[in-house]
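The next block is data11.cif, given as mmCIF, C-alpha atoms.
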```cif
data_start
#
loop_
_atom_site.label_atom_id
_atom_site.label_comp_id
_atom_site.auth_asym_id
_atom_site.auth_seq_id
_atom_site.Cartn_x
_atom_site.Cartn_y
_atom_site.Cartn_z
CA MET A 3 45.96 136.58 218.29
CA LYS A 4 46.20 137.77 214.68
CA GLN A 5 43.72 135.06 213.70
CA LEU A 6 41.33 136.11 216.47
CA LEU A 7 41.45 139.75 215.37
CA PHE A 8 41.29 139.31 211.61
CA ASN A 9 39.85 135.88 210.96
CA PRO A 10 37.89 134.50 213.93
CA PHE A 11 35.62 132.77 211.40
CA ILE A 12 38.06 129.87 211.09
CA ARG A 13 36.80 128.87 214.53
CA ILE A 14 33.38 130.51 214.80
CA ALA A 15 30.62 130.79 212.19
CA GLY A 16 26.94 129.98 211.79
CA ALA A 17 24.40 130.45 214.59
CA ARG A 18 26.95 131.08 217.37
CA SER A 19 28.62 133.80 215.36
CA LEU A 20 25.21 135.28 214.49
CA LEU A 21 24.11 135.50 218.13
CA LEU A 22 27.41 137.02 219.21
CA GLY A 23 27.32 139.44 216.28
CA TRP A 24 23.76 140.53 217.07
CA LEU A 25 24.66 141.03 220.72
CA LEU A 26 27.60 143.23 219.76
CA MET A 27 25.41 145.12 217.26
CA LEU A 28 22.87 145.80 220.02
CA LEU A 29 25.63 147.04 222.33
CA THR A 30 26.99 149.20 219.51
CA ALA A 31 23.51 150.66 218.92
CA VAL A 32 23.16 151.57 222.61
CA ILE A 33 26.55 153.33 222.61
CA ALA A 34 25.80 154.98 219.24
CA TYR A 35 22.51 156.33 220.66
CA PHE A 36 24.46 158.27 223.27
CA SER A 37 27.39 159.27 221.05
CA TYR A 38 25.12 160.12 218.05
CA CYS A 39 27.09 157.77 215.80
CA HIS A 40 25.24 156.77 212.62
CA PHE A 41 26.01 153.67 210.52
CA ASP A 42 24.24 154.70 207.33
CA GLY A 43 25.83 152.23 204.92
CA VAL A 44 27.56 148.84 204.85
CA ILE A 45 30.97 150.47 205.45
CA ASP A 46 29.82 153.90 206.70
CA ALA A 47 30.11 155.53 210.10
CA HIS A 48 29.41 159.19 210.84
CA ASP A 49 29.15 161.42 213.82
CA GLY A 50 25.66 162.87 213.45
CA CYS A 51 22.63 164.15 215.28
CA ALA A 52 20.27 162.79 217.90
CA ALA A 53 17.49 160.46 216.73
CA PRO A 54 15.07 157.95 218.28
CA PHE A 55 16.77 154.80 219.60
CA TRP A 56 15.14 152.56 216.98
CA ILE A 57 17.04 154.46 214.26
CA PHE A 58 20.36 153.53 215.88
CA LEU A 59 19.18 149.93 216.02
CA ALA A 60 17.75 149.87 212.49
CA GLU A 61 20.87 151.35 210.85
CA PRO A 62 23.35 148.53 211.58
CA LEU A 63 20.62 145.92 211.03
CA LEU A 64 19.84 147.35 207.61
CA ALA A 65 23.55 147.60 206.73
CA TRP A 66 24.10 144.00 207.84
CA GLY A 67 20.93 142.71 206.13
CA VAL A 68 21.86 144.25 202.78
CA ALA A 69 25.42 142.88 203.06
CA VAL A 70 24.07 139.39 203.84
CA LEU A 71 21.74 139.47 200.84
CA VAL A 72 24.37 140.70 198.35
CA PHE A 73 27.24 138.51 199.63
CA TYR A 74 24.96 135.46 199.71
CA LEU A 75 23.96 136.00 196.08
CA ALA A 76 27.63 136.56 195.16
CA GLY A 77 28.50 133.31 196.97
CA ILE A 78 25.80 131.36 195.12
CA ILE A 79 27.16 132.64 191.80
CA VAL A 80 30.89 132.04 192.36
CA ALA A 81 31.27 129.40 195.09
CA ARG A 82 32.46 125.88 194.20
CA SER A 83 30.08 124.16 196.64
CA GLY A 84 26.90 125.07 198.52
CA VAL A 85 26.87 128.28 200.56
CA ARG A 86 24.87 128.31 203.80
CA LEU A 87 22.92 131.49 204.51
CA ILE A 88 23.50 131.03 208.26
CA ASP A 89 27.30 131.14 207.73
CA ILE A 90 27.11 134.33 205.66
CA ALA A 91 24.67 135.94 208.14
CA GLY A 92 26.68 134.87 211.19
CA THR A 93 30.15 135.81 209.99
CA LEU A 94 29.00 139.15 208.52
CA ALA A 95 27.26 140.03 211.81
CA LEU A 96 30.43 139.35 213.80
CA ALA A 97 32.54 141.19 211.20
CA ARG A 98 30.81 144.45 212.21
CA TRP A 99 32.21 144.40 215.73
CA PRO A 100 34.92 147.08 215.16
CA MET A 101 31.96 149.48 214.84
CA LEU A 102 31.64 149.20 218.61
CA VAL A 103 34.94 151.08 218.94
CA VAL A 104 33.82 153.58 216.29
CA ALA A 105 30.63 154.25 218.30
CA ILE A 106 32.80 154.95 221.36
CA ALA A 107 35.11 157.19 219.28
CA CYS A 108 32.09 159.32 218.37
CA PHE A 109 32.08 160.65 221.95
CA ILE A 110 34.93 162.91 220.76
CA PRO A 111 33.15 166.29 220.58
CA VAL A 112 33.13 167.69 217.04
CA THR A 113 31.48 170.68 215.41
CA ALA A 114 29.80 169.82 212.12
CA PRO A 115 31.56 171.79 209.35
CA ARG A 116 29.38 174.21 207.36
CA ASN A 117 31.66 174.00 204.31
CA LEU A 118 35.02 172.52 203.21
CA TYR A 119 37.00 175.49 204.66
CA ASP A 120 35.33 175.14 208.04
CA ILE A 121 36.65 171.67 208.98
CA GLN A 122 37.79 171.74 212.61
CA PRO A 123 40.85 169.73 213.79
CA SER A 124 38.50 167.62 215.95
CA VAL A 125 36.71 166.40 212.79
CA ILE A 126 40.04 165.36 211.25
CA MET A 127 41.05 163.66 214.50
CA LEU A 128 37.78 161.72 214.62
CA GLY A 129 38.31 160.67 211.01
CA ILE A 130 41.85 159.47 211.80
CA VAL A 131 40.57 157.50 214.81
CA MET A 132 37.68 155.94 212.83
CA LEU A 133 39.55 155.00 209.64
CA PRO A 134 41.61 152.04 210.96
CA PHE A 135 38.47 150.49 212.44
CA ILE A 136 36.58 150.85 209.16
CA ILE A 137 39.54 149.19 207.37
CA TRP A 138 39.58 146.49 210.05
CA MET A 139 35.86 145.85 209.46
CA ILE A 140 36.44 145.57 205.68
CA ALA A 141 39.23 143.03 206.35
CA LEU A 142 36.84 141.07 208.57
CA LEU A 143 34.08 141.27 205.93
CA TYR A 144 36.54 139.91 203.36
CA ASN A 145 37.55 137.00 205.60
CA ALA A 146 33.91 136.34 206.50
CA TYR A 147 33.03 136.14 202.79
CA SER A 148 36.09 134.03 202.06
CA ILE A 149 35.41 131.43 204.78
CA SER A 150 31.63 131.31 204.28
CA THR A 151 31.77 130.81 200.53
CA GLY A 152 35.09 128.96 200.17
CA VAL A 153 35.87 130.94 197.01
CA ARG A 154 39.59 130.92 196.14
CA GLY A 155 42.07 132.93 194.07
CA GLY A 156 41.38 136.02 192.01
CA LYS A 157 37.67 135.17 191.82
CA ARG A 158 37.47 135.74 195.59
CA ILE A 159 38.96 139.25 195.35
CA TRP A 160 36.95 140.57 192.42
CA SER A 161 33.66 139.03 193.53
CA PHE A 162 34.17 140.55 197.02
CA ILE A 163 34.91 144.02 195.61
CA ILE A 164 31.88 143.91 193.29
CA ALA A 165 29.60 142.63 196.08
CA LEU A 166 30.88 145.29 198.50
CA VAL A 167 30.30 148.11 196.03
CA ILE A 168 26.79 146.85 195.22
CA ALA A 169 25.97 146.36 198.93
CA GLU A 170 27.23 149.85 199.79
CA ALA A 171 25.24 151.48 196.97
CA LEU A 172 22.10 149.48 197.80
CA SER A 173 22.33 150.22 201.52
CA LYS A 174 22.82 153.94 200.84
CA ALA A 175 19.73 153.96 198.61
CA LEU A 176 17.68 152.08 201.21
CA PHE A 177 18.81 154.41 204.01
CA PHE A 178 17.84 157.43 201.97
CA TRP A 179 14.48 155.87 201.12
CA LEU A 180 13.57 154.38 204.51
CA LEU A 181 15.36 156.27 207.29
CA ALA A 182 16.57 159.68 206.12
CA ASP A 183 13.29 161.44 207.00
CA TYR A 184 13.51 160.29 210.63
CA ILE A 185 17.06 161.59 211.14
CA ARG A 186 16.72 165.15 209.83
CA MET B 27 61.08 108.50 214.03
CA GLN B 28 57.94 108.00 211.97
CA LYS B 29 58.68 107.43 208.30
CA LYS B 30 56.66 109.37 205.77
CA LEU B 31 55.66 107.76 202.50
CA PRO B 32 57.01 110.01 199.74
CA TYR B 33 54.52 110.51 196.92
CA ILE B 34 56.13 113.40 195.06
CA CYS B 35 59.50 113.20 193.33
CA PRO B 36 61.94 115.42 195.24
CA SER B 37 63.76 116.13 192.00
CA CYS B 38 61.02 117.05 189.51
CA THR B 39 57.83 117.06 191.73
CA ALA B 40 56.09 114.47 189.51
CA PRO B 41 54.00 111.80 191.34
CA LEU B 42 56.12 108.82 192.37
CA GLN B 43 55.25 105.23 191.42
CA VAL B 44 55.69 101.99 193.36
CA GLN B 45 58.43 99.85 191.83
CA SER B 46 58.88 97.15 194.40
CA LEU B 47 56.70 95.37 196.97
CA ALA B 48 58.05 92.85 199.45
CA CYS B 49 56.51 90.21 201.70
CA SER B 50 57.93 90.58 205.20
CA GLN B 51 57.16 86.89 205.96
CA CYS B 52 58.81 85.03 203.05
CA ASP B 53 60.92 87.79 201.47
CA THR B 54 59.17 87.46 198.11
CA GLN B 55 59.61 90.60 196.06
CA VAL B 56 57.34 91.90 193.33
CA THR B 57 58.68 94.50 190.99
CA GLY B 58 56.95 96.53 188.35
CA SER B 59 55.48 99.98 188.00
CA PHE B 60 52.34 100.62 189.98
CA PRO B 61 50.72 104.01 190.43
CA LEU B 62 50.00 105.02 194.03
CA PRO B 63 46.29 104.86 194.94
CA GLU B 64 44.59 108.26 194.80
CA LEU B 65 44.24 108.56 198.56
CA LEU B 66 47.97 107.95 199.07
CA GLN B 67 48.69 110.90 196.82
CA LEU B 68 47.22 113.20 199.45
CA ASN B 69 49.61 114.54 202.08
CA GLU B 70 49.59 113.18 205.61
CA GLU B 71 47.32 115.90 207.02
CA GLU B 72 44.79 115.42 204.22
CA GLN B 73 44.82 111.65 204.68
CA ARG B 74 44.16 112.13 208.39
CA PHE B 75 41.27 114.44 207.55
CA VAL B 76 39.74 111.86 205.18
CA LEU B 77 40.04 109.14 207.84
CA GLU B 78 38.42 111.37 210.48
CA PHE B 79 35.70 112.24 208.00
CA ILE B 80 34.92 108.56 207.49
CA ARG B 81 35.08 107.85 211.24
CA SER B 82 32.56 110.63 211.90
CA SER B 83 30.19 109.07 209.32
CA GLY B 84 30.71 111.97 206.95
CA SER B 85 29.33 114.52 209.38
CA LEU B 86 31.05 117.88 208.83
CA LYS B 87 29.32 119.22 211.93
CA GLN B 88 30.92 116.50 214.07
CA MET B 89 34.26 117.09 212.36
CA ALA B 90 34.04 120.81 213.11
CA GLU B 91 33.47 120.04 216.80
CA GLN B 92 36.38 117.57 216.91
CA LEU B 93 38.82 119.87 215.13
CA LYS B 94 37.55 122.98 216.97
CA LEU B 95 36.98 124.71 213.64
CA SER B 96 33.90 126.36 212.20
CA TYR B 97 31.64 124.39 209.86
CA PRO B 98 32.56 126.37 206.70
CA SER B 99 36.29 126.02 207.50
CA VAL B 100 35.94 122.23 207.59
CA ARG B 101 33.86 122.25 204.42
CA ASN B 102 36.58 124.35 202.71
CA ILE B 103 39.25 121.78 203.68
CA LEU B 104 37.04 119.04 202.21
CA ASP B 105 36.50 121.07 199.02
CA ASP B 106 40.28 121.52 198.70
CA ILE B 107 40.80 117.76 199.02
CA ILE B 108 38.04 117.05 196.46
CA GLU B 109 39.69 119.53 194.09
CA LYS B 110 43.09 117.87 194.60
CA LEU B 111 41.65 114.38 194.03
CA ASN B 112 39.89 115.56 190.87
CA ALA B 113 43.13 117.10 189.60
CA THR B 114 45.00 113.85 190.36
CA LYS B 115 42.34 111.83 188.54
CA ALA B 116 42.45 114.17 185.55
CA GLY B 117 46.26 113.91 185.52
CA THR B 118 46.11 110.10 185.61
CA LYS B 119 43.53 109.98 182.80
CA LYS B 120 45.70 112.20 180.57
CA LYS B 121 48.54 109.70 180.85
#
```
The structure in this file should be written as structure tokens.
Amino acid sequence: MKQLLFNPFIRIAGARSLLLGWLLMLLTAVIAYFSYCHFDGVIDAHDGCAAPFWIFLAEPLLAWGVAVLVFYLAGIIVARSGVRLIDIAGTLALARWPMLVVAIACFIPVTAPRNLYDIQPSVIMLGIVMLPFIIWMIALLYNAYSISTGVRGGKRIWSFIIALVIAEALSKALFFWLLADYIR
Amino acid sequence: MQKKLPYICPSCTAPLQVQSLACSQCDTQVTGSFPLPELLQLNEEEQRFVLEFIRSSGSLKQMAEQLKLSYPSVRNILDDIIEKLNATKAGTKKK
């Protein structure tokens, strides 16, 4: 059970994992459209405003695409043997599945705070509900990277952290550049 | 009970060597100091993996299906074995 929750990639990777991951991303996008949940970064999730459906579809795809690109490059640099793009793409797609629960959690009604002193208890509650799922997704991303690249030891930890930071920064920049105008 | 061939010294963890070989037909015994072949220095599970790998004509995809593991998981096991064999070879060369 623990393996299924935190490291399903021991048993599933490649094309099968990619199809399942895409299916779950589509389902997440549909739920997010109704709960106004935005995934504007590789490890970001926010309760936001209404937007066209394609935005809710483009956000997780962009986050996943950037992660695939950065983690693949990291894998090529540090891995001991060849890294297959399909394994990185498939495992990283499936690793995003906890976002499905986050999209459901966004149905919790919250009032957007105007400033730091205006944070309502519902906002804090939503944050508390979302946080474990974000951490769960990061754990899955780590295991996806680990299995797909076969990197071992300390090299695995530092290369993952660097790749995650770069992917997050790059995805944020791309969101701001490509999608921000359509959301506001 | 299936006997396991020991390849690591239980006292100091150094690789063990063969000191005696016997013919089961005529009882002839050969003594000396022979290093274990590289493949025998792998543990039982790793040896089984190598045999399965050969039987599946070196197809990792087929191995993954047989073992019900993902392709990269199987490749990682193979990489670990390659690393171990390389370390064994390097250790032997040093001596």
What are the residues of chain A lining chain B at 12 Å or less? Count all atoms listed in the file, and put the answer as a ChimeraX atom specification.
/A:9-19,81-90,92-93,145-154
Residue IDs satisfying the PyMOL selection byres ((chain B and resi 32) around 10), as a ChimeraX atom specification
/B:29-31,33-36,41-43,66-67,69-70
Once the PyMOL selection byres ((chain A and resi 140) around 10) is applied to the coordinates I shared, what remains selected? I want it as a PDB file with C-alpha atoms, in the frame of the given file.
```
ATOM      1  CA  PHE A   8      41.290 139.310 211.610  1.00  0.00           C
ATOM      2  CA  VAL A  44      27.560 148.840 204.850  1.00  0.00           C
ATOM      3  CA  ILE A  45      30.970 150.470 205.450  1.00  0.00           C
ATOM      4  CA  ALA A  97      32.540 141.190 211.200  1.00  0.00           C
ATOM      5  CA  ARG A  98      30.810 144.450 212.210  1.00  0.00           C
ATOM      6  CA  PRO A 100      34.920 147.080 215.160  1.00  0.00           C
ATOM      7  CA  PRO A 134      41.610 152.040 210.960  1.00  0.00           C
ATOM      8  CA  PHE A 135      38.470 150.490 212.440  1.00  0.00           C
ATOM      9  CA  ILE A 136      36.580 150.850 209.160  1.00  0.00           C
ATOM     10  CA  ILE A 137      39.540 149.190 207.370  1.00  0.00           C
ATOM     11  CA  TRP A 138      39.580 146.490 210.050  1.00  0.00           C
ATOM     12  CA  MET A 139      35.860 145.850 209.460  1.00  0.00           C
ATOM     13  CA  ALA A 141      39.230 143.030 206.350  1.00  0.00           C
ATOM     14  CA  LEU A 142      36.840 141.070 208.570  1.00  0.00           C
ATOM     15  CA  LEU A 143      34.080 141.270 205.930  1.00  0.00           C
ATOM     16  CA  TYR A 144      36.540 139.910 203.360  1.00  0.00           C
ATOM     17  CA  ASN A 145      37.550 137.000 205.600  1.00  0.00           C
ATOM     18  CA  ALA A 146      33.910 136.340 206.500  1.00  0.00           C
ATOM     19  CA  LEU A 166      30.880 145.290 198.500  1.00  0.00           C
TER      20      LEU A 166
END
```
Separation of atom CA of A:Ile78 and atom CA of A:Gly43, in Å?
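Separation between atom CA of A:Ile78 and atom CA of A:Gly43: 23.1 Å.
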Identify which of the residues A:Phe177, A:Trp24, A:Trp99, A:Tyr74 lies closest to A:His40, counting all atoms listed in the file when measuring atom-to-atom distances.
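Once distances to A:His40 are computed over all atoms listed in the file, the minimum belongs to A:Phe177.
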Restricting the calculation to all atoms listed in the file: of A:Ala105, A:Ala34, A:Val68, A:Val80, which residue gets closest to A:Lys157?
A:Val80
Atom CA of A:Ala65 to atom CA of A:Ala91, distance in Å rounded to a single decimal
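It comes out at 11.8 Å.
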A:Val32, A:Ile110, A:Glu170, A:Gly129 ranked by distance to A:Gly67, top pick (using all atoms listed in the file)
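So, comparing all the options, the nearest one is A:Glu170.
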Select, from A:Leu29, A:Cys51, A:Leu172, A:Leu20, the residue with the minimum atom-to-atom distance to A:Pro111, counting only C-alpha atoms.
A:Cys51
Tell me which protein, DNA and RNA residues are within 9 Å of stretch 71-75 of chain B, counting all atoms listed in the file, leaving out same-chain ones fewer than 5 positions away, and put them as a PyMOL selection string.
chain B and resi 65-66+80+89+103-104+107
